[in-house]
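Colleague: Contents of work-v5.tsv (TSV, C-alpha atoms and all ligand atoms) are below:
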chain	number	residue	atom	x	y	z
A	1134	MET	CA	88.49	-82.08	-67.08
A	1135	SER	CA	87.11	-80.19	-64.15
A	1136	TYR	CA	83.40	-79.77	-63.77
A	1137	GLN	CA	83.35	-76.59	-61.69
A	1138	GLN	CA	81.12	-74.74	-64.14
A	1139	GLU	CA	78.61	-77.59	-64.06
A	1140	ARG	CA	78.75	-77.58	-60.28
A	1141	TYR	CA	78.17	-73.84	-60.16
A	1142	ILE	CA	75.13	-74.00	-62.43
A	1143	ALA	CA	73.80	-77.10	-60.65
A	1144	GLU	CA	74.05	-75.34	-57.28
A	1145	LEU	CA	72.26	-72.22	-58.49
A	1146	ALA	CA	69.57	-74.22	-60.30
A	1147	VAL	CA	68.92	-76.33	-57.19
A	1148	GLN	CA	68.92	-73.20	-55.02
A	1149	ARG	CA	66.28	-71.55	-57.21
A	1150	ALA	CA	64.13	-74.69	-57.26
A	1151	CYS	CA	64.35	-74.88	-53.45
A	1152	LEU	CA	62.89	-71.36	-53.26
A	1153	LEU	CA	59.90	-72.63	-55.20
A	1154	THR	CA	59.41	-75.70	-53.02
A	1155	GLN	CA	59.57	-73.55	-49.90
A	1156	LYS	CA	57.01	-71.14	-51.31
A	1157	VAL	CA	54.72	-74.04	-52.19
A	1158	PHE	CA	55.11	-75.48	-48.70
A	1159	PHE	CA	54.26	-72.27	-46.91
A	1160	GLU	CA	51.39	-71.42	-49.28
A	1161	LYS	CA	49.88	-74.84	-49.73
A	1162	ALA	CA	51.01	-77.50	-47.36
A	1163	LYS	CA	51.45	-75.91	-44.00
A	1164	GLY	CA	48.30	-76.44	-42.04
A	1165	THR	CA	45.96	-75.62	-44.93
A	1166	VAL	CA	45.56	-78.94	-46.70
A	1167	SER	CA	44.83	-82.38	-45.35
A	1168	LYS	CA	47.55	-85.00	-45.26
A	1169	ASP	CA	45.79	-86.84	-48.09
A	1170	ASP	CA	46.05	-83.89	-50.46
A	1171	LYS	CA	49.07	-84.56	-52.63
A	1172	SER	CA	48.74	-81.34	-54.66
A	1173	PRO	CA	51.58	-79.49	-52.91
A	1174	VAL	CA	53.89	-82.31	-53.96
A	1175	THR	CA	52.62	-82.24	-57.54
A	1176	ILE	CA	52.96	-78.47	-57.78
A	1177	GLY	CA	56.41	-78.42	-56.20
A	1178	ASP	CA	57.65	-81.38	-58.23
A	1179	PHE	CA	56.61	-80.05	-61.64
A	1180	GLY	CA	57.63	-76.49	-60.84
A	1181	ALA	CA	61.08	-77.42	-59.54
A	1182	GLN	CA	61.65	-79.74	-62.50
A	1183	ALA	CA	60.75	-76.96	-64.99
A	1184	LEU	CA	63.08	-74.48	-63.28
A	1185	ILE	CA	66.05	-76.85	-63.15
A	1186	ILE	CA	65.69	-78.21	-66.67
A	1187	SER	CA	65.45	-74.68	-68.08
A	1188	ALA	CA	68.76	-73.83	-66.38
A	1189	ILE	CA	70.40	-76.96	-67.84
A	1190	ARG	CA	68.99	-76.22	-71.31
A	1191	LYS	CA	70.33	-72.65	-71.18
A	1192	ASN	CA	73.85	-73.67	-70.15
A	1193	PHE	CA	74.34	-77.16	-71.59
A	1194	PRO	CA	71.90	-77.38	-74.51
A	1195	ASN	CA	73.13	-80.73	-75.82
A	1196	ASP	CA	73.02	-82.66	-72.56
A	1197	GLU	CA	70.39	-85.30	-71.86
A	1198	ILE	CA	68.21	-85.30	-68.76
A	1199	VAL	CA	66.65	-88.14	-66.80
A	1200	ALA	CA	64.00	-86.60	-64.54
A	1201	GLU	CA	61.24	-88.10	-62.47
A	1202	GLU	CA	58.22	-86.27	-63.93
A	1203	GLU	CA	56.62	-85.95	-67.34
A	1204	ALA	CA	53.98	-83.38	-68.26
A	1205	SER	CA	51.21	-85.39	-69.95
A	1206	SER	CA	48.92	-85.37	-66.90
A	1207	LEU	CA	49.57	-81.67	-66.50
A	1208	ARG	CA	48.58	-80.92	-70.09
A	1209	GLU	CA	45.16	-82.40	-69.28
A	1210	ASP	CA	44.71	-80.48	-66.04
A	1211	LYS	CA	44.55	-76.84	-67.08
A	1212	ASP	CA	43.87	-75.51	-63.57
A	1213	LEU	CA	46.84	-77.31	-62.09
A	1214	SER	CA	49.08	-76.22	-64.93
A	1215	ALA	CA	48.00	-72.58	-64.48
A	1216	GLU	CA	48.62	-72.84	-60.75
A	1217	ILE	CA	52.14	-74.15	-61.28
A	1218	TRP	CA	52.87	-71.48	-63.87
A	1219	ARG	CA	51.69	-68.77	-61.45
A	1220	LEU	CA	54.37	-69.88	-59.00
A	1221	VAL	CA	57.13	-70.72	-61.48
A	1222	LYS	CA	57.07	-67.48	-63.43
A	1223	ASP	CA	57.93	-65.34	-60.42
A	1224	ILE	CA	60.69	-67.38	-58.81
A	1225	LYS	CA	64.12	-65.85	-59.07
A	1226	LEU	CA	67.36	-65.75	-57.13
A	1227	ASP	CA	68.01	-62.55	-55.17
A	1228	ASP	CA	71.21	-61.98	-57.08
A	1229	ALA	CA	70.30	-60.86	-60.62
A	1230	GLU	CA	73.64	-61.93	-62.09
A	1231	SER	CA	73.17	-65.50	-60.86
A	1232	ASP	CA	69.60	-65.50	-62.05
A	1233	ASN	CA	70.74	-64.41	-65.51
A	1234	LEU	CA	73.18	-67.31	-65.58
A	1235	LEU	CA	70.18	-69.61	-65.26
A	1236	GLY	CA	68.54	-67.93	-68.24
A	1237	GLY	CA	65.99	-65.83	-66.37
A	1238	PRO	CA	62.28	-66.66	-66.29
A	1239	LEU	CA	60.60	-69.15	-68.60
A	1240	ALA	CA	58.76	-67.58	-71.55
A	1241	SER	CA	55.28	-69.04	-71.13
A	1242	GLU	CA	53.14	-71.74	-69.57
A	1243	GLN	CA	53.44	-73.75	-72.78
A	1244	SER	CA	57.26	-73.56	-72.72
A	1245	MET	CA	57.14	-74.69	-69.08
A	1246	LEU	CA	55.23	-77.84	-70.11
A	1247	ASP	CA	57.63	-78.49	-72.99
A	1248	ILE	CA	60.65	-78.04	-70.74
A	1249	ILE	CA	59.27	-80.53	-68.20
A	1250	ASP	CA	59.20	-83.16	-70.95
A	1251	ASN	CA	62.92	-82.65	-71.60
A	1252	GLY	CA	63.53	-85.01	-68.69
A	1253	ASN	CA	62.61	-88.11	-70.69
A	1254	SER	CA	66.08	-89.44	-71.55
A	1255	ALA	CA	66.45	-93.21	-71.27
A	1256	GLY	CA	69.84	-92.77	-69.56
A	1257	GLY	CA	72.60	-95.24	-70.35
A	1258	PRO	CA	76.36	-95.71	-70.54
A	1259	LYS	CA	77.31	-92.93	-72.98
A	1260	GLY	CA	77.36	-89.15	-72.97
A	1261	ARG	CA	76.47	-86.36	-70.57
A	1262	ILE	CA	73.24	-87.13	-68.71
A	1263	TRP	CA	71.75	-85.22	-65.79
A	1264	ALA	CA	69.67	-87.10	-63.20
A	1265	LEU	CA	67.06	-84.92	-61.50
A	1266	ASP	CA	64.71	-85.51	-58.58
A	1267	PRO	CA	62.81	-82.23	-58.15
A	1268	ILE	CA	61.38	-83.23	-54.74
A	1269	ASP	CA	62.91	-86.30	-53.17
A	1270	GLY	CA	61.21	-87.33	-49.93
A	1271	THR	CA	57.70	-86.18	-50.75
A	1272	LYS	CA	56.36	-87.52	-47.45
A	1273	GLY	CA	58.93	-85.49	-45.56
A	1274	PHE	CA	58.07	-82.42	-47.63
A	1275	LEU	CA	54.39	-82.68	-46.66
A	1276	ARG	CA	55.25	-83.22	-43.01
A	1277	GLY	CA	57.53	-80.19	-42.86
A	1278	GLY	CA	60.40	-82.63	-42.34
A	1279	GLN	CA	63.33	-83.52	-44.53
A	1280	TYR	CA	63.19	-83.44	-48.29
A	1281	ALA	CA	65.77	-82.68	-50.97
A	1282	VAL	CA	66.12	-81.22	-54.45
A	1283	CYS	CA	68.72	-83.42	-56.14
A	1284	LEU	CA	70.72	-83.04	-59.33
A	1285	GLY	CA	73.64	-85.12	-60.58
A	1286	LEU	CA	75.64	-85.11	-63.80
A	1287	MET	CA	76.85	-88.42	-65.19
A	1288	VAL	CA	79.40	-88.64	-67.96
A	1289	ASP	CA	79.62	-92.03	-69.64
A	1290	GLY	CA	77.75	-93.56	-66.71
A	1291	ASP	CA	80.00	-92.11	-64.01
A	1292	VAL	CA	78.73	-89.41	-61.63
A	1293	LYS	CA	80.94	-86.32	-61.99
A	1294	VAL	CA	78.89	-83.63	-60.24
A	1295	GLY	CA	76.23	-83.69	-57.54
A	1296	ALA	CA	74.19	-80.93	-55.91
A	1297	ILE	CA	71.52	-81.39	-53.24
A	1298	GLY	CA	69.44	-78.69	-51.60
A	1299	THR	CA	67.96	-79.58	-48.21
A	1300	PRO	CA	65.79	-76.64	-47.11
A	1301	ASN	CA	65.03	-78.15	-43.68
A	1302	LEU	CA	68.43	-79.41	-42.54
A	1303	PRO	CA	70.30	-77.20	-40.05
A	1304	VAL	CA	72.97	-75.03	-41.66
A	1305	ASP	CA	75.47	-75.90	-38.98
A	1306	ASP	CA	77.45	-78.95	-40.13
A	1307	ALA	CA	78.07	-79.83	-36.49
A	1308	ALA	CA	74.37	-79.77	-35.55
A	1309	THR	CA	73.11	-83.13	-34.40
A	1310	ILE	CA	69.72	-84.26	-35.53
A	1311	ASP	CA	67.32	-85.34	-32.85
A	1312	ALA	CA	66.59	-89.00	-33.50
A	1313	SER	CA	63.06	-88.70	-32.18
A	1314	THR	CA	61.91	-85.55	-34.01
A	1315	GLY	CA	64.09	-85.48	-37.14
A	1316	ALA	CA	62.16	-82.73	-38.87
A	1317	GLN	CA	63.02	-79.07	-38.58
A	1318	GLN	CA	60.93	-76.24	-40.02
A	1319	SER	CA	62.52	-74.07	-42.68
A	1320	GLU	CA	61.11	-70.92	-41.09
A	1321	THR	CA	63.47	-71.47	-38.16
A	1322	ALA	CA	66.58	-69.33	-38.61
A	1323	GLY	CA	69.54	-71.49	-39.43
A	1324	ASN	CA	67.98	-74.12	-41.68
A	1325	GLY	CA	68.63	-74.74	-45.37
A	1326	VAL	CA	71.81	-76.26	-46.79
A	1327	LEU	CA	73.24	-76.77	-50.24
A	1328	PHE	CA	75.61	-79.72	-50.60
A	1329	SER	CA	77.71	-80.36	-53.67
A	1330	ALA	CA	80.62	-82.38	-54.95
A	1331	VAL	CA	82.82	-82.76	-58.01
A	1332	GLN	CA	84.51	-86.10	-58.64
A	1333	GLY	CA	88.07	-86.01	-57.32
A	1334	GLU	CA	87.61	-82.53	-55.82
A	1335	GLY	CA	85.78	-83.13	-52.55
A	1336	ALA	CA	82.38	-82.34	-51.11
A	1337	THR	CA	81.16	-79.03	-49.70
A	1338	SER	CA	78.22	-77.44	-47.96
A	1339	ARG	CA	76.98	-73.87	-47.79
A	1340	PRO	CA	73.88	-72.11	-46.52
A	1341	LEU	CA	71.14	-72.46	-49.10
A	1342	ALA	CA	70.34	-68.76	-48.81
A	1343	SER	CA	73.85	-67.59	-49.71
A	1344	GLY	CA	75.05	-67.21	-53.28
A	1345	GLY	CA	78.06	-68.54	-55.13
A	1346	LEU	CA	80.84	-70.92	-54.25
A	1347	THR	CA	82.83	-68.52	-52.09
A	1348	THR	CA	80.92	-69.42	-48.95
A	1349	SER	CA	81.29	-73.19	-49.39
A	1350	LYS	CA	83.04	-75.23	-46.72
A	1351	SER	CA	84.62	-78.59	-47.24
A	1352	ILE	CA	82.78	-81.45	-45.49
A	1353	SER	CA	83.88	-84.92	-44.52
A	1354	MET	CA	82.58	-87.98	-42.78
A	1355	ARG	CA	83.23	-88.33	-39.07
A	1356	PRO	CA	86.10	-90.62	-38.06
A	1357	VAL	CA	84.64	-93.60	-36.19
A	1358	ALA	CA	87.11	-95.25	-33.84
A	1359	LYS	CA	84.86	-98.16	-32.88
A	1360	ILE	CA	82.09	-99.32	-35.18
A	1361	SER	CA	79.84	-99.88	-32.16
A	1362	ASP	CA	79.92	-96.10	-31.62
A	1363	ALA	CA	78.54	-95.42	-35.09
A	1364	VAL	CA	75.12	-93.84	-35.59
A	1365	PHE	CA	73.03	-95.17	-38.42
A	1366	CYS	CA	70.49	-93.39	-40.61
A	1367	GLU	CA	67.52	-94.88	-42.42
A	1368	GLY	CA	64.34	-93.75	-44.14
A	1369	VAL	CA	61.19	-92.85	-42.25
A	1370	GLU	CA	59.00	-94.92	-44.57
A	1371	ALA	CA	58.92	-98.60	-43.67
A	1372	ALA	CA	57.88	-99.35	-47.27
A	1373	HIS	CA	61.14	-97.99	-48.68
A	1374	SER	CA	63.67	-99.89	-46.57
A	1375	ALA	CA	63.43	-102.88	-44.26
A	1376	GLN	CA	63.75	-101.26	-40.85
A	1377	GLY	CA	63.83	-104.62	-39.06
A	1378	ASP	CA	66.76	-105.81	-41.19
A	1379	ASN	CA	68.49	-102.42	-40.78
A	1380	ALA	CA	68.19	-102.81	-37.00
A	1381	ALA	CA	69.50	-106.38	-37.12
A	1382	VAL	CA	72.60	-105.20	-39.02
A	1383	ALA	CA	73.17	-102.43	-36.48
A	1384	GLU	CA	72.83	-104.95	-33.65
A	1385	ARG	CA	75.39	-107.27	-35.25
A	1386	LEU	CA	77.80	-104.32	-35.41
A	1387	GLY	CA	77.26	-103.67	-31.69
A	1388	ILE	CA	75.49	-100.38	-32.33
A	1389	THR	CA	73.11	-99.51	-29.51
A	1390	ALA	CA	72.20	-95.90	-30.38
A	1391	PRO	CA	68.76	-95.59	-32.00
A	1392	SER	CA	68.64	-94.95	-35.75
A	1393	VAL	CA	68.15	-91.43	-37.05
A	1394	ARG	CA	65.23	-91.47	-39.47
A	1395	LEU	CA	65.15	-88.94	-42.27
A	1396	ASP	CA	63.31	-88.80	-45.58
A	1397	SER	CA	65.13	-88.26	-48.87
A	1398	GLN	CA	68.78	-87.95	-49.87
A	1399	ALA	CA	69.20	-85.79	-46.77
A	1400	LYS	CA	70.51	-89.11	-45.35
A	1401	TYR	CA	73.48	-89.10	-47.72
A	1402	CYS	CA	74.08	-85.42	-46.91
A	1403	SER	CA	73.92	-86.00	-43.18
A	1404	ILE	CA	76.47	-88.78	-43.06
A	1405	ALA	CA	78.71	-86.86	-45.49
A	1406	ARG	CA	79.08	-84.13	-42.88
A	1407	GLY	CA	79.32	-86.40	-39.86
A	1408	ALA	CA	75.75	-86.13	-38.57
A	1409	GLY	CA	75.46	-89.91	-38.50
A	1410	ASP	CA	77.86	-92.45	-39.98
A	1411	ILE	CA	76.11	-95.30	-41.76
A	1412	TYR	CA	73.13	-95.23	-44.15
A	1413	LEU	CA	71.24	-98.50	-44.51
A	1414	ARG	CA	68.58	-98.98	-47.18
A	1415	LEU	CA	67.95	-102.72	-47.18
A	1416	PRO	CA	65.32	-103.81	-49.69
A	1417	VAL	CA	61.71	-104.42	-48.72
A	1418	LYS	CA	60.56	-105.66	-52.12
A	1419	LYS	CA	62.90	-107.98	-53.98
A	1420	ASP	CA	61.94	-106.66	-57.40
A	1421	TYR	CA	62.15	-102.89	-56.65
A	1422	GLN	CA	64.69	-101.11	-58.85
A	1423	GLU	CA	66.08	-97.95	-57.29
A	1424	LYS	CA	65.87	-94.89	-59.58
A	1425	ILE	CA	69.07	-93.14	-60.61
A	1426	TRP	CA	67.71	-89.71	-59.61
A	1427	ASP	CA	67.22	-90.98	-56.06
A	1428	HIS	CA	70.94	-91.71	-55.64
A	1429	ALA	CA	73.27	-90.07	-58.19
A	1430	ALA	CA	74.05	-86.85	-56.33
A	1431	GLY	CA	74.10	-88.44	-52.87
A	1432	ASP	CA	76.40	-91.26	-53.98
A	1433	LEU	CA	79.02	-88.78	-55.17
A	1434	ILE	CA	78.70	-86.45	-52.17
A	1435	VAL	CA	79.28	-89.32	-49.73
A	1436	ARG	CA	82.21	-90.77	-51.68
A	1437	GLU	CA	83.84	-87.34	-51.99
A	1438	ALA	CA	83.43	-86.88	-48.24
A	1439	GLY	CA	85.44	-90.03	-47.57
A	1440	GLY	CA	82.72	-92.65	-47.72
A	1441	GLN	CA	81.87	-95.69	-49.75
A	1442	VAL	CA	78.46	-96.38	-51.28
A	1443	THR	CA	77.48	-99.83	-52.49
A	1444	ASP	CA	74.50	-102.12	-52.79
A	1445	ILE	CA	73.84	-104.96	-50.32
A	1446	TYR	CA	76.37	-107.19	-52.10
A	1447	GLY	CA	79.16	-104.60	-51.80
A	1448	ASN	CA	79.01	-103.58	-55.47
A	1449	ARG	CA	79.26	-99.91	-56.41
A	1450	LEU	CA	76.01	-98.36	-57.66
A	1451	ASP	CA	76.01	-98.56	-61.46
A	1452	PHE	CA	74.42	-95.48	-63.03
A	1453	SER	CA	75.01	-96.64	-66.61
A	1454	LYS	CA	72.07	-99.05	-66.86
A	1455	GLY	CA	69.31	-96.60	-67.79
A	1456	ARG	CA	66.76	-94.84	-65.59
A	1457	THR	CA	67.10	-97.37	-62.78
A	1458	LEU	CA	69.94	-99.01	-60.88
A	1459	ALA	CA	68.93	-102.23	-62.61
A	1460	THR	CA	71.90	-104.28	-61.44
A	1461	ASN	CA	71.93	-103.18	-57.79
A	1462	LYS	CA	69.81	-104.06	-54.76
A	1463	GLY	CA	69.48	-101.72	-51.79
A	1464	VAL	CA	72.07	-99.19	-50.62
A	1465	VAL	CA	74.72	-99.28	-47.90
A	1466	ALA	CA	76.91	-96.23	-47.25
A	1467	SER	CA	79.53	-95.73	-44.56
A	1468	PRO	CA	83.05	-94.36	-43.98
A	1469	LYS	CA	85.37	-96.20	-46.38
A	1470	ALA	CA	87.26	-97.97	-43.62
A	1471	LEU	CA	84.06	-99.50	-42.20
A	1472	GLN	CA	82.31	-100.55	-45.39
A	1473	ASP	CA	83.62	-104.15	-45.52
A	1474	GLN	CA	82.52	-104.77	-41.94
A	1475	VAL	CA	79.07	-103.33	-42.61
A	1476	ILE	CA	78.64	-105.38	-45.79
A	1477	ASP	CA	79.70	-108.55	-43.93
A	1478	ALA	CA	76.98	-107.88	-41.37
A	1479	VAL	CA	74.42	-107.17	-44.12
A	1480	LYS	CA	75.28	-110.47	-45.81
A	1481	VAL	CA	74.79	-112.41	-42.59
A	1482	VAL	CA	71.47	-110.73	-41.77
A	1483	LEU	CA	70.08	-111.07	-45.31
A	1484	LYS	CA	71.59	-114.57	-45.70
A	1485	LEU	CA	73.33	-113.58	-48.96
B	1501	LIG	N1	59.73	-100.13	-52.48
B	1501	LIG	C1	60.63	-99.14	-52.46
B	1501	LIG	N2	61.90	-99.38	-52.08
B	1501	LIG	C2	62.81	-98.39	-52.05
B	1501	LIG	N3	62.55	-97.10	-52.39
B	1501	LIG	C3	61.29	-96.80	-52.79
B	1501	LIG	C4	60.28	-97.79	-52.85
B	1501	LIG	N4	59.14	-97.22	-53.28
B	1501	LIG	C5	59.43	-95.91	-53.50
B	1501	LIG	N5	60.72	-95.65	-53.20
B	1501	LIG	C6	61.44	-94.37	-53.33
B	1501	LIG	O1	62.03	-93.97	-52.13
B	1501	LIG	C7	62.32	-92.56	-52.27
B	1501	LIG	C8	62.22	-91.91	-50.94
B	1501	LIG	O2	63.16	-92.53	-50.12
B	1501	LIG	P1	63.23	-92.28	-48.56
B	1501	LIG	O3	62.25	-93.20	-47.94
B	1501	LIG	O4	64.66	-92.62	-48.27
B	1501	LIG	O5	62.90	-90.86	-48.33
B	1501	LIG	C9	61.34	-92.02	-53.25
B	1501	LIG	O6	62.03	-91.42	-54.32
B	1501	LIG	C10	60.55	-93.22	-53.70
B	1501	LIG	O7	60.32	-93.28	-55.07
B	1501	LIG	P2	58.95	-92.74	-55.72
B	1501	LIG	O8	59.03	-91.26	-55.62
B	1501	LIG	O9	59.02	-93.24	-57.12
B	1501	LIG	O10	57.85	-93.37	-54.89
B	1502	MG	MG	62.91	-89.50	-54.96
Show the structure stored in the file as C-alpha cells.
Ligand SMILES: Nc1ncnc2c1ncn2[C@@H]1O[C@H](COP(=O)(O)O)[C@@H](O)[C@H]1OP(=O)(O)O
Ligand SMILES: [Mg+2]
Modeller:
Amino acid sequence: MSYQQERYIAELAVQRACLLTQKVFFEKAKGTVSKDDKSPVTIGDFGAQALIISAIRKNFPNDEIVAEEEASSLREDKDLSAEIWRLVKDIKLDDAESDNLLGGPLASEQSMLDIIDNGNSAGGPKGRIWALDPIDGTKGFLRGGQYAVCLGLMVDGDVKVGAIGTPNLPVDDAATIDASTGAQQSETAGNGVLFSAVQGEGATSRPLASGGLTTSKSISMRPVAKISDAVFCEGVEAAHSAQGDNAAVAERLGITAPSVRLDSQAKYCSIARGAGDIYLRLPVKKDYQEKIWDHAAGDLIVREAGGQVTDIYGNRLDFSKGRTLATNKGVVASPKALQDQVIDAVKVVLKL
C-alpha cells in the first residue's frame, strides 16, 4: 500500500504547526524574554501538538499517537492555557482547501486540552501509530537557530511516512550551512523547508511556505568519494551527544573539517539533502533511552535519501519497543556505502 495520503496530511499538518511556532517565536521569544524563560517553548509545544493531533484525528480517527506532551500541567495553569488557545484558534493555512482537509479550527479551549492528551499511546509493535515531536530542538528554537516539527507514521513498528518542518533551514537544498554560525533567522527570505518521505518512494523537500506536493523536489545524500572528505553533523548541546567521542570518530576516519552543529532533527534533514554527510549522536549517559518522536521521521527521510541509520552497534533503530528506542544506544547515520566504516570507527573509539 502507498501512503501518499498520509504523507499529504502529515505535510500540511506540520506546515500549519510551523506557522504557529513561528508566530510564537516572533511574538514571545525574539528579544522580549530572557533566555531562562521557557514559556515560548511551552506555548509552541502544546499549540503545535494540538494542531497536529487534531489533523490526525480528523483524517485517521482510529490511529494511535505517541506525542511528547500531555496536558495535565496545562489544565492547572489557566492563564497559560488561555494564552495557547488565543494563538491556536487563529492559525490556518493560506489555502482554504488545504486547511479544510485538516478539519479547520479546533472547537474550544477545552477540546484543545482533550486533543493534546490524545498523544498518550504506549506505542508498540502493532497497528498504525504516529510519533510526534511538536518542537524538537527547543534550545535552538529559543536561540532563533534550528528546530523542527516532526511527525512519523509507523505501521506494525516500521516507519512508513515521515514529515519534518524546519522553519530556519535555507530553502535551497544546495545551501551550505556555516559551521560557526549554524542558525539562520526565519525572517530572512529563503528560509523554511518541509522534508518528507514515504517508505520505498524516496525523500523530498519543498519550501515550507508553498502548498501541496506539486512543488516537492526529490533529495538525496551527497556522494562521498573519500570518507576523509565527509562533513559530519552533531548536536549543539554537549549533554545530548558526546562531542569528544564524535570528534574522535571523525579523526579516525581522517575527517579534518570541523563539525556542523545543529539542534533537532534538522541534522537528519541536512545530511539527507547533502548539506553534510554523517550524523553522529554518541551517548553521553549510558542509561538514556532515545524517544521515538526524536527519530522516527528523520530515520526514514535519511534512509529514503540513500542513507543508513543505526545505533552505535550498527543495529537499525527499532521503533516497535514503545515510546522509547529501548533496545538502541546512540545514533549513527551516513550514506549507505560508508556506514560500515563509520560503525567500525565508532566501535574502536567507544571500545565496544
Ligand atoms: N541525555 C540525552 N541524550 C540524548 N538526547 C537527549 C538527552 N537528553 C535530552 N535529549 C533529547 O535530545 C533532543 C534534542 O536533540 P539535539 O541535541 O540533537 O537537538 C531533545 O528531544 C531531548 O529530549 P527532551 O526534549 O526530552 O529533553
Ligand atoms: Mg525532541
Colleague: Return the padded bounding box of ligand LIG 1501 (chain B) as AutoDock Vina command-line options: axis-aligned, built from all atoms listed in the file, 3 Å added on each side, with centre and edge lengths in Å to one decimal.
Modeller:
--center_x 61.3 --center_y -95.5 --center_z -52.5 --size_x 12.8 --size_y 15.3 --size_z 15.2
Colleague: For the point (70.4, -93.3, -60.2) in the file's frame, write as a PyMOL selection string all residues with an atom no more than 8 Å away, counting all atoms listed in the file.
Modeller: chain A and resi 1264+1423-1429+1450-1452+1456-1458
Colleague: Hey, which residues sit close to ligand LIG 1501 (chain B)? Say within 7 Å, counting only C-alpha atoms and all ligand atoms, and write them as a list in words.
Modeller: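 These are the residues that qualify: Asp1269, Gly1270, Glu1367, Gly1368, Val1369, Glu1370, Ala1372, His1373, Ser1374, Leu1395, Asp1396, Ser1397, Gln1398, Pro1416, Val1417, Lys1418, Tyr1421, Glu1423 and Asp1427 of chain A.
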Colleague: Kindly indicate which residue among A:Ile1262, A:Ala1371, A:Leu1145, A:Leu1284 lies nearest to ligand MG 1502 (chain B), using only C-alpha atoms and all ligand atoms for the distances.
Modeller: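 Looking at the shortest contact to ligand MG 1502 (chain B), the residue is A:Leu1284.
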Colleague: Taking (65.7, -73.3, -50.3) as a centre in this file's frame and 12 Å as the limit, can you find every polymer residue with an atom that close, using all atoms listed in the file, and give them as an mmCIF file with C-alpha atoms, keeping the file's coordinate frame?
Modeller:
data_model
loop_
_atom_site.group_PDB
_atom_site.id
_atom_site.type_symbol
_atom_site.label_atom_id
_atom_site.label_comp_id
_atom_site.auth_asym_id
_atom_site.auth_seq_id
_atom_site.Cartn_x
_atom_site.Cartn_y
_atom_site.Cartn_z
ATOM 1 C CA GLU A 1144 74.050 -75.340 -57.280
ATOM 2 C CA LEU A 1145 72.260 -72.220 -58.490
ATOM 3 C CA ALA A 1146 69.570 -74.220 -60.300
ATOM 4 C CA VAL A 1147 68.920 -76.330 -57.190
ATOM 5 C CA GLN A 1148 68.920 -73.200 -55.020
ATOM 6 C CA ARG A 1149 66.280 -71.550 -57.210
ATOM 7 C CA ALA A 1150 64.130 -74.690 -57.260
ATOM 8 C CA CYS A 1151 64.350 -74.880 -53.450
ATOM 9 C CA LEU A 1152 62.890 -71.360 -53.260
ATOM 10 C CA LEU A 1153 59.900 -72.630 -55.200
ATOM 11 C CA THR A 1154 59.410 -75.700 -53.020
ATOM 12 C CA GLN A 1155 59.570 -73.550 -49.900
ATOM 13 C CA LYS A 1156 57.010 -71.140 -51.310
ATOM 14 C CA VAL A 1157 54.720 -74.040 -52.190
ATOM 15 C CA PHE A 1158 55.110 -75.480 -48.700
ATOM 16 C CA PHE A 1159 54.260 -72.270 -46.910
ATOM 17 C CA ALA A 1181 61.080 -77.420 -59.540
ATOM 18 C CA ILE A 1224 60.690 -67.380 -58.810
ATOM 19 C CA LYS A 1225 64.120 -65.850 -59.070
ATOM 20 C CA LEU A 1226 67.360 -65.750 -57.130
ATOM 21 C CA ILE A 1268 61.380 -83.230 -54.740
ATOM 22 C CA GLN A 1279 63.330 -83.520 -44.530
ATOM 23 C CA TYR A 1280 63.190 -83.440 -48.290
ATOM 24 C CA ALA A 1281 65.770 -82.680 -50.970
ATOM 25 C CA VAL A 1282 66.120 -81.220 -54.450
ATOM 26 C CA ILE A 1297 71.520 -81.390 -53.240
ATOM 27 C CA GLY A 1298 69.440 -78.690 -51.600
ATOM 28 C CA THR A 1299 67.960 -79.580 -48.210
ATOM 29 C CA PRO A 1300 65.790 -76.640 -47.110
ATOM 30 C CA ASN A 1301 65.030 -78.150 -43.680
ATOM 31 C CA LEU A 1302 68.430 -79.410 -42.540
ATOM 32 C CA PRO A 1303 70.300 -77.200 -40.050
ATOM 33 C CA VAL A 1304 72.970 -75.030 -41.660
ATOM 34 C CA GLN A 1318 60.930 -76.240 -40.020
ATOM 35 C CA SER A 1319 62.520 -74.070 -42.680
ATOM 36 C CA GLU A 1320 61.110 -70.920 -41.090
ATOM 37 C CA GLY A 1323 69.540 -71.490 -39.430
ATOM 38 C CA ASN A 1324 67.980 -74.120 -41.680
ATOM 39 C CA GLY A 1325 68.630 -74.740 -45.370
ATOM 40 C CA VAL A 1326 71.810 -76.260 -46.790
ATOM 41 C CA LEU A 1327 73.240 -76.770 -50.240
ATOM 42 C CA PHE A 1328 75.610 -79.720 -50.600
ATOM 43 C CA ARG A 1339 76.980 -73.870 -47.790
ATOM 44 C CA PRO A 1340 73.880 -72.110 -46.520
ATOM 45 C CA LEU A 1341 71.140 -72.460 -49.100
ATOM 46 C CA ALA A 1342 70.340 -68.760 -48.810
ATOM 47 C CA SER A 1343 73.850 -67.590 -49.710
ATOM 48 C CA GLY A 1344 75.050 -67.210 -53.280
#
Colleague: For ligand MG 1502 (chain B), which of A:Ser1338, A:Thr1271, A:Gln1441, A:Gln1474 is the closest residue, counting all atoms listed in the file?
Modeller: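 Residue with the minimum atom-to-atom distance to ligand MG 1502 (chain B): A:Thr1271.
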Colleague: Quick one: of A:Leu1184, A:Ala1430, A:Ala1390, A:Ala1478, who's nearest to Leu1235 of chain A, counting all atoms listed in the file?
Modeller: A:Leu1184
Colleague: Pick out the residues sitting within 7 Å of Gly1290 of chain A, and hand them over as a VMD selection string; count all atoms listed in the file, and ignore anything fewer than 2 positions along from it in its own chain.
Modeller: chain A and resid 1257 to 1259 1287 to 1288 1292 1452 to 1453
Colleague: Closest to Ala1308 of chain A among A:Gly1447, A:Gly1409, A:Pro1468, A:Gly1440, using only C-alpha atoms?
Modeller: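 Smallest separation from Ala1308 of chain A among the options: A:Gly1409.
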Colleague: Determine the nearest neighbour of Gly1237 of chain A from the options A:Asn1253, A:Ala1188, A:Trp1218, A:Gly1285, counting all atoms listed in the file.
Modeller: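 Of the candidates, the smallest distance to Gly1237 of chain A is held by A:Ala1188.
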Colleague: Excluding Asp1477 of chain A and its own-chain neighbours fewer than 6 positions away, which residues fall within 12 Å of it when counting only C-alpha atoms? Please give them as a VMD selection string.
Modeller: chain A and resid 1382 to 1383 1385 to 1386 1445 to 1447 1465 1471 1483 to 1485
Colleague: With all atoms listed in the file as the basis for distance, which of A:Gly1455, A:Pro1267, A:Gly1295, A:Gly1273 is at the shortest distance from ligand MG 1502 (chain B)?
Modeller: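 Checking each of A:Gly1455, A:Pro1267, A:Gly1295, A:Gly1273 against ligand MG 1502 (chain B), counting all atoms listed in the file, the winner is A:Pro1267.
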